[in-house]
file my_file-v1.pdb (PDB, C-alpha atoms)
ATOM      1  CA  MET A   1       3.840  -0.387   5.780
ATOM      2  CA  THR A   2       1.444  -1.342   2.994
ATOM      3  CA  PRO A   3      -0.120  -4.742   3.753
ATOM      4  CA  PRO A   4       1.018  -7.508   1.381
ATOM      5  CA  VAL A   5      -1.108  -9.881  -0.630
ATOM      6  CA  LEU A   6      -1.049 -13.261   1.124
ATOM      7  CA  ALA A   7      -1.330 -16.619  -0.662
ATOM      8  CA  GLY A   8      -1.673 -20.043   0.923
ATOM      9  CA  VAL A   9       0.719 -22.575  -0.664
ATOM     10  CA  ASP A  10       0.671 -26.347  -0.127
ATOM     11  CA  GLY A  11       2.364 -27.659  -3.267
ATOM     12  CA  SER A  12      -0.895 -28.627  -4.968
ATOM     13  CA  THR A  13      -1.832 -27.455  -8.436
ATOM     14  CA  GLY A  14      -4.735 -25.549  -6.872
ATOM     15  CA  SER A  15      -2.487 -23.538  -4.588
ATOM     16  CA  THR A  16      -0.066 -22.945  -7.469
ATOM     17  CA  ALA A  17      -2.901 -21.355  -9.456
ATOM     18  CA  ALA A  18      -3.795 -19.246  -6.425
ATOM     19  CA  ALA A  19      -0.192 -18.108  -5.938
ATOM     20  CA  ARG A  20       0.082 -17.098  -9.599
ATOM     21  CA  TRP A  21      -3.130 -15.093  -9.355
ATOM     22  CA  ALA A  22      -1.930 -13.509  -6.093
ATOM     23  CA  ALA A  23       1.349 -12.471  -7.733
ATOM     24  CA  GLY A  24      -0.532 -10.630 -10.446
ATOM     25  CA  GLU A  25      -2.740  -8.977  -7.856
ATOM     26  CA  ALA A  26       0.246  -7.889  -5.760
ATOM     27  CA  GLU A  27       1.787  -6.397  -8.883
ATOM     28  CA  HIS A  28      -1.442  -4.485  -9.618
ATOM     29  CA  ARG A  29      -1.468  -3.148  -6.066
ATOM     30  CA  GLY A  30       2.240  -2.389  -5.935
ATOM     31  CA  VAL A  31       2.717  -4.383  -2.720
ATOM     32  CA  PRO A  32       4.800  -7.429  -1.706
ATOM     33  CA  LEU A  33       3.547 -10.987  -2.051
ATOM     34  CA  ARG A  34       3.739 -13.229   1.016
ATOM     35  CA  LEU A  35       3.561 -16.986   0.484
ATOM     36  CA  VAL A  36       2.527 -18.988   3.543
ATOM     37  CA  HIS A  37       2.567 -22.730   4.130
ATOM     38  CA  ALA A  38       0.568 -23.672   7.209
ATOM     39  CA  TRP A  39       2.025 -26.838   8.724
ATOM     40  CA  PRO A  40       0.716 -29.479   9.404
ATOM     41  CA  TRP A  41      -1.440 -28.571   6.389
ATOM     42  CA  LEU A  42       0.415 -30.570   3.743
ATOM     43  CA  THR A  43       3.909 -31.369   2.515
ATOM     44  CA  ASP A  44       5.274 -31.460  -1.003
ATOM     45  CA  GLY A  45       4.227 -35.099  -1.452
ATOM     46  CA  ARG A  46       7.786 -36.468  -1.489
ATOM     47  CA  ASN A  47       7.869 -36.293   2.295
ATOM     48  CA  ALA A  48       4.454 -37.622   3.234
ATOM     49  CA  MET A  49       6.025 -40.149   5.630
ATOM     50  CA  ALA A  50       8.632 -37.770   7.041
ATOM     51  CA  GLU A  51       9.116 -37.362  10.764
ATOM     52  CA  PRO A  52       7.328 -34.328  12.276
ATOM     53  CA  ASP A  53      10.618 -32.501  12.882
ATOM     54  CA  HIS A  54      11.396 -32.696   9.173
ATOM     55  CA  LEU A  55       8.078 -31.398   7.882
ATOM     56  CA  PRO A  56       8.815 -27.667   8.215
ATOM     57  CA  ALA A  57      11.906 -28.200   6.026
ATOM     58  CA  ALA A  58       9.712 -29.874   3.402
ATOM     59  CA  ALA A  59       7.313 -26.940   3.632
ATOM     60  CA  GLU A  60      10.185 -24.529   3.083
ATOM     61  CA  ARG A  61      11.085 -26.378  -0.109
ATOM     62  CA  VAL A  62       7.493 -26.046  -1.333
ATOM     63  CA  LEU A  63       7.631 -22.326  -0.651
ATOM     64  CA  ALA A  64      11.074 -21.924  -2.238
ATOM     65  CA  ASP A  65       9.913 -23.612  -5.446
ATOM     66  CA  ALA A  66       6.796 -21.434  -5.633
ATOM     67  CA  ALA A  67       8.743 -18.255  -4.876
ATOM     68  CA  ALA A  68      11.355 -19.009  -7.534
ATOM     69  CA  GLU A  69       8.687 -19.436 -10.199
ATOM     70  CA  LEU A  70       6.895 -16.223  -9.255
ATOM     71  CA  ARG A  71      10.079 -14.141  -9.016
ATOM     72  CA  ALA A  72      11.002 -15.285 -12.506
ATOM     73  CA  ALA A  73       7.559 -14.388 -13.844
ATOM     74  CA  HIS A  74       7.411 -11.060 -11.975
ATOM     75  CA  PRO A  75      11.007  -9.760 -11.737
ATOM     76  CA  GLY A  76      10.094  -6.553  -9.884
ATOM     77  CA  LEU A  77       7.870  -8.213  -7.312
ATOM     78  CA  GLU A  78       9.026  -8.675  -3.727
ATOM     79  CA  VAL A  79       8.166 -12.236  -2.667
ATOM     80  CA  ARG A  80       8.377 -13.321   0.977
ATOM     81  CA  THR A  81       7.884 -16.837   2.345
ATOM     82  CA  ASP A  82       6.859 -18.153   5.762
ATOM     83  CA  VAL A  83       6.049 -21.490   7.374
ATOM     84  CA  VAL A  84       3.287 -21.066   9.948
ATOM     85  CA  LEU A  85       3.213 -23.801  12.569
ATOM     86  CA  ASP A  86      -0.530 -24.102  12.846
ATOM     87  CA  ALA A  87      -3.510 -25.892  11.337
ATOM     88  CA  PRO A  88      -4.292 -24.669   7.821
ATOM     89  CA  VAL A  89      -7.435 -22.643   8.522
ATOM     90  CA  ASP A  90      -6.235 -21.161  11.819
ATOM     91  CA  GLY A  91      -2.794 -20.433  10.396
ATOM     92  CA  LEU A  92      -4.065 -18.667   7.284
ATOM     93  CA  VAL A  93      -6.742 -16.699   9.147
ATOM     94  CA  ALA A  94      -4.159 -15.502  11.678
ATOM     95  CA  ALA A  95      -1.640 -14.603   8.979
ATOM     96  CA  ALA A  96      -4.314 -12.645   7.107
ATOM     97  CA  GLU A  97      -4.569 -10.208  10.021
ATOM     98  CA  GLU A  98      -1.426  -8.543   8.661
ATOM     99  CA  ALA A  99      -2.401  -8.771   4.972
ATOM    100  CA  GLY A 100      -4.478  -6.680   2.626
ATOM    101  CA  LEU A 101      -5.891  -9.722   0.827
ATOM    102  CA  LEU A 102      -5.792 -13.509   1.226
ATOM    103  CA  VAL A 103      -5.749 -15.787  -1.840
ATOM    104  CA  VAL A 104      -6.334 -19.539  -1.664
ATOM    105  CA  GLY A 105      -6.940 -22.364  -4.098
ATOM    106  CA  SER A 106     -10.343 -23.970  -4.341
ATOM    107  CA  ARG A 107      -8.925 -27.324  -3.219
ATOM    108  CA  GLY A 108      -5.635 -28.461  -1.731
ATOM    109  CA  ARG A 109      -3.937 -31.849  -1.750
ATOM    110  CA  GLY A 110      -6.352 -33.268   0.761
ATOM    111  CA  GLY A 111      -9.530 -32.387  -1.153
ATOM    112  CA  PHE A 112     -11.842 -34.779  -2.943
ATOM    113  CA  ALA A 113     -11.618 -34.438  -6.720
ATOM    114  CA  GLY A 114     -15.392 -34.140  -7.101
ATOM    115  CA  LEU A 115     -15.717 -31.146  -4.801
ATOM    116  CA  MET A 116     -15.726 -27.675  -6.351
ATOM    117  CA  LEU A 117     -14.532 -26.052  -3.120
ATOM    118  CA  GLY A 118     -12.551 -27.658  -0.319
ATOM    119  CA  SER A 119     -13.115 -27.315   3.412
ATOM    120  CA  VAL A 120     -10.077 -25.076   3.921
ATOM    121  CA  GLY A 121     -11.134 -22.577   1.263
ATOM    122  CA  MET A 122     -14.688 -22.527   2.591
ATOM    123  CA  ALA A 123     -13.661 -22.047   6.225
ATOM    124  CA  VAL A 124     -11.055 -19.383   5.453
ATOM    125  CA  ALA A 125     -13.541 -17.409   3.343
ATOM    126  CA  ALA A 126     -16.013 -17.570   6.222
ATOM    127  CA  ARG A 127     -13.598 -16.520   8.979
ATOM    128  CA  SER A 128     -11.003 -14.158   7.528
ATOM    129  CA  SER A 129     -11.015 -10.539   8.685
ATOM    130  CA  VAL A 130      -9.858  -9.438   5.219
ATOM    131  CA  ALA A 131     -11.200 -10.199   1.760
ATOM    132  CA  VAL A 132     -10.489 -13.719   0.494
ATOM    133  CA  VAL A 133     -10.133 -14.627  -3.174
ATOM    134  CA  VAL A 134     -10.720 -18.279  -4.080
ATOM    135  CA  VAL A 135      -9.060 -19.358  -7.340
ATOM    136  CA  ARG A 136      -9.859 -22.578  -9.164
ATOM    137  CA  GLU A 137      -7.159 -24.913 -10.436
ATOM    138  CA  GLN A 138      -8.361 -24.726 -14.029
ATOM    139  CA  GLN A 139     -10.000 -21.353 -14.444
ATOM    140  CA  PRO A 140     -11.629 -20.851 -17.852
ATOM    141  CA  VAL A 141     -10.655 -17.704 -19.710
ATOM    142  CA  GLY A 142     -13.427 -15.205 -19.034
ATOM    143  CA  GLY A 143     -13.819 -11.526 -19.706
ATOM    144  CA  SER A 144     -12.245  -8.514 -18.058
ATOM    145  CA  ASP A 145     -15.222  -7.240 -16.040
ATOM    146  CA  VAL A 146     -15.258  -7.084 -12.267
ATOM    147  CA  VAL A 147     -18.702  -8.461 -11.425
ATOM    148  CA  VAL A 148     -20.143  -7.471  -8.056
ATOM    149  CA  GLY A 149     -23.276  -8.815  -6.447
ATOM    150  CA  VAL A 150     -25.373  -5.948  -5.107
ATOM    151  CA  ASP A 151     -28.198  -6.113  -2.595
ATOM    152  CA  ALA A 152     -30.018  -3.012  -3.830
ATOM    153  CA  GLN A 153     -32.109  -2.804  -0.663
ATOM    154  CA  GLU A 154     -29.090  -2.979   1.667
ATOM    155  CA  PRO A 155     -25.969  -2.113  -0.371
ATOM    156  CA  ASP A 156     -22.673  -2.279   1.462
ATOM    157  CA  GLU A 157     -19.976   0.240   0.641
ATOM    158  CA  ASP A 158     -17.146  -2.107   1.706
ATOM    159  CA  VAL A 159     -18.164  -4.646  -0.919
ATOM    160  CA  LEU A 160     -18.820  -2.046  -3.607
ATOM    161  CA  GLY A 161     -15.629  -0.154  -2.750
ATOM    162  CA  PHE A 162     -13.577  -3.347  -3.112
ATOM    163  CA  ALA A 163     -15.078  -4.032  -6.543
ATOM    164  CA  PHE A 164     -14.515  -0.487  -7.782
ATOM    165  CA  ALA A 165     -10.929  -0.429  -6.497
ATOM    166  CA  GLU A 166     -10.193  -3.714  -8.280
ATOM    167  CA  ALA A 167     -11.704  -2.398 -11.500
ATOM    168  CA  ALA A 168      -9.743   0.858 -11.257
ATOM    169  CA  ARG A 169      -6.448  -1.011 -10.783
ATOM    170  CA  ARG A 170      -7.134  -3.213 -13.791
ATOM    171  CA  GLY A 171      -8.631  -0.561 -16.050
ATOM    172  CA  ALA A 172     -11.731  -2.751 -16.111
ATOM    173  CA  ARG A 173     -15.470  -2.237 -16.054
ATOM    174  CA  VAL A 174     -17.684  -2.845 -13.024
ATOM    175  CA  ARG A 175     -20.677  -5.000 -13.795
ATOM    176  CA  ALA A 176     -23.148  -4.582 -10.946
ATOM    177  CA  VAL A 177     -25.596  -7.475 -10.795
ATOM    178  CA  HIS A 178     -28.662  -7.256  -8.592
ATOM    179  CA  GLY A 179     -30.573 -10.504  -8.407
ATOM    180  CA  TRP A 180     -34.096 -10.249  -7.067
ATOM    181  CA  ASP A 181     -36.917 -12.639  -6.316
ATOM    182  CA  LEU A 182     -40.660 -12.259  -6.650
ATOM    183  CA  PRO A 183     -42.386 -11.116  -3.442
ATOM    184  CA  PRO A 184     -43.569 -14.046  -1.290
ATOM    185  CA  VAL A 185     -47.173 -12.940  -1.730
ATOM    186  CA  PHE A 186     -47.180 -14.448  -5.224
ATOM    187  CA  ALA A 187     -46.151 -17.853  -3.884
ATOM    188  CA  TYR A 188     -48.657 -17.674  -1.048
ATOM    189  CA  ALA A 189     -51.456 -16.769  -3.412
ATOM    190  CA  GLY A 190     -50.470 -19.529  -5.807
ATOM    191  CA  TRP A 191     -50.414 -17.541  -9.029
ATOM    192  CA  VAL A 192     -47.774 -16.442 -11.502
ATOM    193  CA  PRO A 193     -47.637 -12.681 -12.112
ATOM    194  CA  GLN A 194     -48.267 -11.384 -15.601
ATOM    195  CA  ALA A 195     -45.473  -9.920 -17.695
ATOM    196  CA  ALA A 196     -46.687  -6.364 -17.032
ATOM    197  CA  GLU A 197     -46.481  -6.904 -13.273
ATOM    198  CA  ILE A 198     -42.976  -8.343 -13.546
ATOM    199  CA  SER A 199     -41.893  -5.348 -15.642
ATOM    200  CA  GLN A 200     -43.183  -2.939 -12.998
ATOM    201  CA  LEU A 201     -41.382  -4.798 -10.234
ATOM    202  CA  GLU A 202     -38.209  -4.955 -12.293
ATOM    203  CA  ALA A 203     -38.335  -1.189 -12.923
ATOM    204  CA  MET A 204     -38.459  -0.616  -9.160
ATOM    205  CA  GLU A 205     -35.465  -2.902  -8.648
ATOM    206  CA  GLU A 206     -33.538  -1.055 -11.370
ATOM    207  CA  LYS A 207     -34.197   2.265  -9.642
ATOM    208  CA  MET A 208     -32.981   0.881  -6.313
ATOM    209  CA  LEU A 209     -29.823  -0.484  -7.941
ATOM    210  CA  SER A 210     -29.096   2.864  -9.540
ATOM    211  CA  LEU A 211     -29.418   4.589  -6.168
ATOM    212  CA  ALA A 212     -27.208   1.959  -4.522
ATOM    213  CA  MET A 213     -24.422   2.559  -7.059
ATOM    214  CA  ALA A 214     -24.511   6.368  -6.948
ATOM    215  CA  GLY A 215     -21.950   6.798  -4.170
ATOM    216  CA  GLN A 216     -19.226   4.664  -5.735
ATOM    217  CA  ARG A 217     -19.896   6.117  -9.186
ATOM    218  CA  GLU A 218     -19.137   9.534  -7.722
ATOM    219  CA  LEU A 219     -15.975   8.308  -5.996
ATOM    220  CA  HIS A 220     -14.735   6.541  -9.144
ATOM    221  CA  PRO A 221     -15.848   8.671 -12.109
ATOM    222  CA  ASP A 222     -13.310   7.038 -14.439
ATOM    223  CA  VAL A 223     -14.646   3.508 -13.900
ATOM    224  CA  GLU A 224     -17.242   2.373 -16.406
ATOM    225  CA  VAL A 225     -20.290   0.788 -14.792
ATOM    226  CA  VAL A 226     -22.950  -1.501 -16.211
ATOM    227  CA  GLU A 227     -25.998  -2.234 -14.070
ATOM    228  CA  GLU A 228     -28.018  -5.418 -14.478
ATOM    229  CA  VAL A 229     -31.179  -6.530 -12.722
ATOM    230  CA  ARG A 230     -32.093 -10.196 -13.001
ATOM    231  CA  LEU A 231     -34.423 -12.679 -11.368
ATOM    232  CA  GLY A 232     -32.517 -14.955  -8.997
ATOM    233  CA  ALA A 233     -29.515 -13.679  -7.032
ATOM    234  CA  ALA A 234     -27.078 -16.593  -6.928
ATOM    235  CA  GLY A 235     -27.900 -17.879 -10.411
ATOM    236  CA  SER A 236     -27.449 -14.409 -11.879
ATOM    237  CA  LEU A 237     -23.952 -14.049 -10.444
ATOM    238  CA  VAL A 238     -22.909 -17.530 -11.528
ATOM    239  CA  GLU A 239     -24.129 -16.797 -15.048
ATOM    240  CA  ALA A 240     -22.336 -13.423 -15.102
ATOM    241  CA  SER A 241     -19.107 -15.059 -13.886
ATOM    242  CA  ALA A 242     -18.576 -16.668 -17.283
ATOM    243  CA  GLU A 243     -17.597 -13.243 -18.643
ATOM    244  CA  ALA A 244     -15.756 -11.967 -15.569
ATOM    245  CA  ALA A 245     -12.164 -11.596 -14.451
ATOM    246  CA  LEU A 246     -13.329 -11.488 -10.830
ATOM    247  CA  VAL A 247     -16.634 -11.905  -8.995
ATOM    248  CA  VAL A 248     -17.114  -9.970  -5.753
ATOM    249  CA  VAL A 249     -19.632 -10.992  -3.095
ATOM    250  CA  GLY A 250     -20.147  -9.931   0.500
ATOM    251  CA  ARG A 251     -20.176 -11.826   3.775
ATOM    252  CA  LYS A 252     -21.596 -10.357   6.959
ATOM    253  CA  ARG A 253     -19.324 -10.335   9.984
ATOM    254  CA  ARG A 254     -20.953 -11.911  13.021
ATOM    255  CA  ARG A 255     -20.574 -10.520  16.523
ATOM    256  CA  ILE A 256     -20.766 -14.014  18.021
ATOM    257  CA  GLU A 257     -18.747 -16.703  16.245
ATOM    258  CA  LEU A 258     -20.555 -20.046  16.317
ATOM    259  CA  GLY A 259     -18.522 -21.651  13.595
ATOM    260  CA  PRO A 260     -17.668 -20.626  10.049
ATOM    261  CA  ARG A 261     -20.704 -19.453   8.096
ATOM    262  CA  LEU A 262     -21.173 -18.042   4.639
ATOM    263  CA  GLY A 263     -24.361 -16.498   3.358
ATOM    264  CA  ARG A 264     -26.491 -18.373   0.859
ATOM    265  CA  ILE A 265     -25.356 -16.265  -2.092
ATOM    266  CA  ALA A 266     -21.631 -16.388  -1.284
ATOM    267  CA  HIS A 267     -21.829 -20.135  -0.692
ATOM    268  CA  ALA A 268     -23.481 -20.805  -4.052
ATOM    269  CA  VAL A 269     -21.178 -18.491  -5.998
ATOM    270  CA  LEU A 270     -18.034 -19.999  -4.458
ATOM    271  CA  HIS A 271     -19.139 -23.451  -5.544
ATOM    272  CA  HIS A 272     -20.268 -22.654  -9.072
ATOM    273  CA  ALA A 273     -18.637 -19.455 -10.375
ATOM    274  CA  LYS A 274     -16.496 -19.669 -13.505
ATOM    275  CA  ALA A 275     -14.086 -16.936 -12.330
ATOM    276  CA  PRO A 276     -12.067 -16.232  -9.161
ATOM    277  CA  VAL A 277     -14.382 -15.152  -6.349
ATOM    278  CA  ALA A 278     -13.595 -12.457  -3.778
ATOM    279  CA  VAL A 279     -15.521 -12.739  -0.499
ATOM    280  CA  VAL A 280     -15.509  -9.382   1.289
ATOM    281  CA  PRO A 281     -16.452  -9.227   4.993
ATOM    282  CA  HIS A 282     -18.668  -6.317   5.972
ATOM    283  CA  GLY A 283     -21.017  -5.036   8.646
TER     284      GLY A 283
END
call {"tool": "encode", "arguments": {"input": "my_file-v1.pdb", "output": "structure tokens"}}
result
Amino acid sequence: MTPPVLAGVDGSTGSTAAARWAAGEAEHRGVPLRLVHAWPWLTDGRNAMAEPDHLPAAAERVLADAAAELRAAHPGLEVRTDVVLDAPVDGLVAAAEEAGLLVVGSRGRGGFAGLMLGSVGMAVAARSSVAVVVVREQQPVGGSDVVVGVDAQEPDEDVLGFAFAEAARRGARVRAVHGWDLPPVFAYAGWVPQAAEISQLEAMEEKMLSLAMAGQRELHPDVEVVEEVRLGAAGSLVEASAEAALVVVGRKRRRIELGPRLGRIAHAVLHHAKAPVAVVPHG
């Protein structure tokens, strides 16, 4: 059976945006959409003081409302709903084991308004065994590109393959962004390199990026690719996100789990990107 797209739903406007995005993604993939409410995550607000035995029923109403809206908007889409009796992060991470993709909102009902990304979204993105897409409540209208952050020195085919597959499904362009930093020797020596030196270094980075993209270009000859090399990894991706439909970043799997961790780049992009962000585990 083809794994469904999974969306976490808690009745908040953030999770509603995530569910709508997930429905479109499921339609692109030609797979079912599974909506999950992890209790005791949150209720629909009208039952905040309900007895514990009544909370799953409230969760089912939240799911039913969301499913009805999405079925109306996507008549051919199969929409399933489930209440998972677990804490939000644990429940969603466990449910994702049987999904092809997990989609969550940037903040749920319990989040602070000033935070760009809530604790649930951050922890799920750091722990999920499948790719996680974080969708903001009010996502500005960007472009159609799938932007992928590329480490040209250590490219990962899982991350690149995800970006190319998304672009192929959407008929979109892949925009490969490789952010680089000046070698530490310049900082140690205390001088700023001249423009000619920066150009030479940049040319080397461009060559490495081209080599890193060669494999996926061959696998996806019909996908248009634009390669960009910029100073500063996280800032480059955040800037590129303004013209993106989706930003794809990687997260290394850890053999020993000592708590949820995201890499520096993924962490910064999740907090500041202007488009939905897909975090793809690899390694």
call {"tool": "atom_distance", "arguments": {"input": "my_file-v1.pdb", "atom1": "atom CA of His282 of chain A", "atom2": "atom CA of Phe162 of chain A"}}
result
10.8 Å
call {"tool": "atom_distance", "arguments": {"input": "my_file-v1.pdb", "atom1": "atom CA of Ser144 of chain A", "atom2": "atom CA of Leu246 of chain A"}}
result
7.9 Å
call {"tool": "residues_around", "arguments": {"input": "my_file-v1.pdb", "residues": "segment 200-207 of chain A", "least_positions_apart": "4", "cutoff": "8 Å", "atoms": "all atoms listed in the file", "output": "PDB file with C-alpha atoms, keeping the file's coordinate frame"}}
result
ATOM      1  CA  ALA A 152     -30.018  -3.012  -3.830  1.00  0.00           C
ATOM      2  CA  TRP A 180     -34.096 -10.249  -7.067  1.00  0.00           C
ATOM      3  CA  ALA A 196     -46.687  -6.364 -17.032  1.00  0.00           C
ATOM      4  CA  LEU A 211     -29.418   4.589  -6.168  1.00  0.00           C
ATOM      5  CA  GLU A 228     -28.018  -5.418 -14.478  1.00  0.00           C
ATOM      6  CA  VAL A 229     -31.179  -6.530 -12.722  1.00  0.00           C
TER       7      VAL A 229
END
call {"tool": "closest_residue", "arguments": {"input": "my_file-v1.pdb", "among": "A:Ala278, A:Leu35, A:Ala176, A:Leu262", "to": "Met213 of chain A", "atoms": "only C-alpha atoms"}}
result
A:Ala176
call {"tool": "resolve_selection", "arguments": {"input": "my_file-v1.pdb", "expression": "the PyMOL selection byres ((chain A and resi 22) around 10)", "output": "mmCIF file with C-alpha atoms, in the frame of the given file"}}
result
data_model
loop_
_atom_site.group_PDB
_atom_site.id
_atom_site.type_symbol
_atom_site.label_atom_id
_atom_site.label_comp_id
_atom_site.auth_asym_id
_atom_site.auth_seq_id
_atom_site.Cartn_x
_atom_site.Cartn_y
_atom_site.Cartn_z
ATOM 1 C CA VAL A 5 -1.108 -9.881 -0.630
ATOM 2 C CA LEU A 6 -1.049 -13.261 1.124
ATOM 3 C CA ALA A 7 -1.330 -16.619 -0.662
ATOM 4 C CA GLY A 8 -1.673 -20.043 0.923
ATOM 5 C CA THR A 16 -0.066 -22.945 -7.469
ATOM 6 C CA ALA A 17 -2.901 -21.355 -9.456
ATOM 7 C CA ALA A 18 -3.795 -19.246 -6.425
ATOM 8 C CA ALA A 19 -0.192 -18.108 -5.938
ATOM 9 C CA ARG A 20 0.082 -17.098 -9.599
ATOM 10 C CA TRP A 21 -3.130 -15.093 -9.355
ATOM 11 C CA ALA A 23 1.349 -12.471 -7.733
ATOM 12 C CA GLY A 24 -0.532 -10.630 -10.446
ATOM 13 C CA GLU A 25 -2.740 -8.977 -7.856
ATOM 14 C CA ALA A 26 0.246 -7.889 -5.760
ATOM 15 C CA GLU A 27 1.787 -6.397 -8.883
ATOM 16 C CA HIS A 28 -1.442 -4.485 -9.618
ATOM 17 C CA LEU A 33 3.547 -10.987 -2.051
ATOM 18 C CA ARG A 34 3.739 -13.229 1.016
ATOM 19 C CA LEU A 35 3.561 -16.986 0.484
ATOM 20 C CA LEU A 70 6.895 -16.223 -9.255
ATOM 21 C CA LEU A 101 -5.891 -9.722 0.827
ATOM 22 C CA LEU A 102 -5.792 -13.509 1.226
ATOM 23 C CA VAL A 103 -5.749 -15.787 -1.840
ATOM 24 C CA VAL A 104 -6.334 -19.539 -1.664
ATOM 25 C CA VAL A 133 -10.133 -14.627 -3.174
ATOM 26 C CA VAL A 135 -9.060 -19.358 -7.340
#
call {"tool": "resolve_selection", "arguments": {"input": "my_file-v1.pdb", "expression": "the PyMOL selection byres ((chain A and resi 275) around 12)", "output": "mmCIF file with C-alpha atoms, in the coordinates of the input"}}
result
data_model
loop_
_atom_site.group_PDB
_atom_site.id
_atom_site.type_symbol
_atom_site.label_atom_id
_atom_site.label_comp_id
_atom_site.auth_asym_id
_atom_site.auth_seq_id
_atom_site.Cartn_x
_atom_site.Cartn_y
_atom_site.Cartn_z
ATOM 1 C CA TRP A 21 -3.130 -15.093 -9.355
ATOM 2 C CA SER A 106 -10.343 -23.970 -4.341
ATOM 3 C CA VAL A 133 -10.133 -14.627 -3.174
ATOM 4 C CA VAL A 134 -10.720 -18.279 -4.080
ATOM 5 C CA VAL A 135 -9.060 -19.358 -7.340
ATOM 6 C CA ARG A 136 -9.859 -22.578 -9.164
ATOM 7 C CA GLU A 137 -7.159 -24.913 -10.436
ATOM 8 C CA GLN A 138 -8.361 -24.726 -14.029
ATOM 9 C CA GLN A 139 -10.000 -21.353 -14.444
ATOM 10 C CA PRO A 140 -11.629 -20.851 -17.852
ATOM 11 C CA VAL A 141 -10.655 -17.704 -19.710
ATOM 12 C CA GLY A 142 -13.427 -15.205 -19.034
ATOM 13 C CA GLY A 143 -13.819 -11.526 -19.706
ATOM 14 C CA SER A 144 -12.245 -8.514 -18.058
ATOM 15 C CA ASP A 145 -15.222 -7.240 -16.040
ATOM 16 C CA VAL A 146 -15.258 -7.084 -12.267
ATOM 17 C CA VAL A 147 -18.702 -8.461 -11.425
ATOM 18 C CA LEU A 237 -23.952 -14.049 -10.444
ATOM 19 C CA VAL A 238 -22.909 -17.530 -11.528
ATOM 20 C CA GLU A 239 -24.129 -16.797 -15.048
ATOM 21 C CA ALA A 240 -22.336 -13.423 -15.102
ATOM 22 C CA SER A 241 -19.107 -15.059 -13.886
ATOM 23 C CA ALA A 242 -18.576 -16.668 -17.283
ATOM 24 C CA GLU A 243 -17.597 -13.243 -18.643
ATOM 25 C CA ALA A 244 -15.756 -11.967 -15.569
ATOM 26 C CA ALA A 245 -12.164 -11.596 -14.451
ATOM 27 C CA LEU A 246 -13.329 -11.488 -10.830
ATOM 28 C CA VAL A 247 -16.634 -11.905 -8.995
ATOM 29 C CA VAL A 248 -17.114 -9.970 -5.753
ATOM 30 C CA VAL A 269 -21.178 -18.491 -5.998
ATOM 31 C CA LEU A 270 -18.034 -19.999 -4.458
ATOM 32 C CA HIS A 271 -19.139 -23.451 -5.544
ATOM 33 C CA HIS A 272 -20.268 -22.654 -9.072
ATOM 34 C CA ALA A 273 -18.637 -19.455 -10.375
ATOM 35 C CA LYS A 274 -16.496 -19.669 -13.505
ATOM 36 C CA PRO A 276 -12.067 -16.232 -9.161
ATOM 37 C CA VAL A 277 -14.382 -15.152 -6.349
ATOM 38 C CA ALA A 278 -13.595 -12.457 -3.778
#
call {"tool": "closest_residue", "arguments": {"input": "my_file-v1.pdb", "among": "A:Ser199, A:Arg261, A:Ala163, A:Gly250", "to": "Ala123 of chain A", "atoms": "only C-alpha atoms"}}
result
A:Arg261
call {"tool": "closest_residue", "arguments": {"input": "my_file-v1.pdb", "among": "A:Met208, A:Ala234, A:Ala73, A:Ala59", "to": "Gly179 of chain A", "atoms": "only C-alpha atoms"}}
result
A:Ala234
call {"tool": "atom_distance", "arguments": {"input": "my_file-v1.pdb", "atom1": "atom CA of Ser15 of chain A", "atom2": "atom CA of His74 of chain A"}}
result
17.6 Å
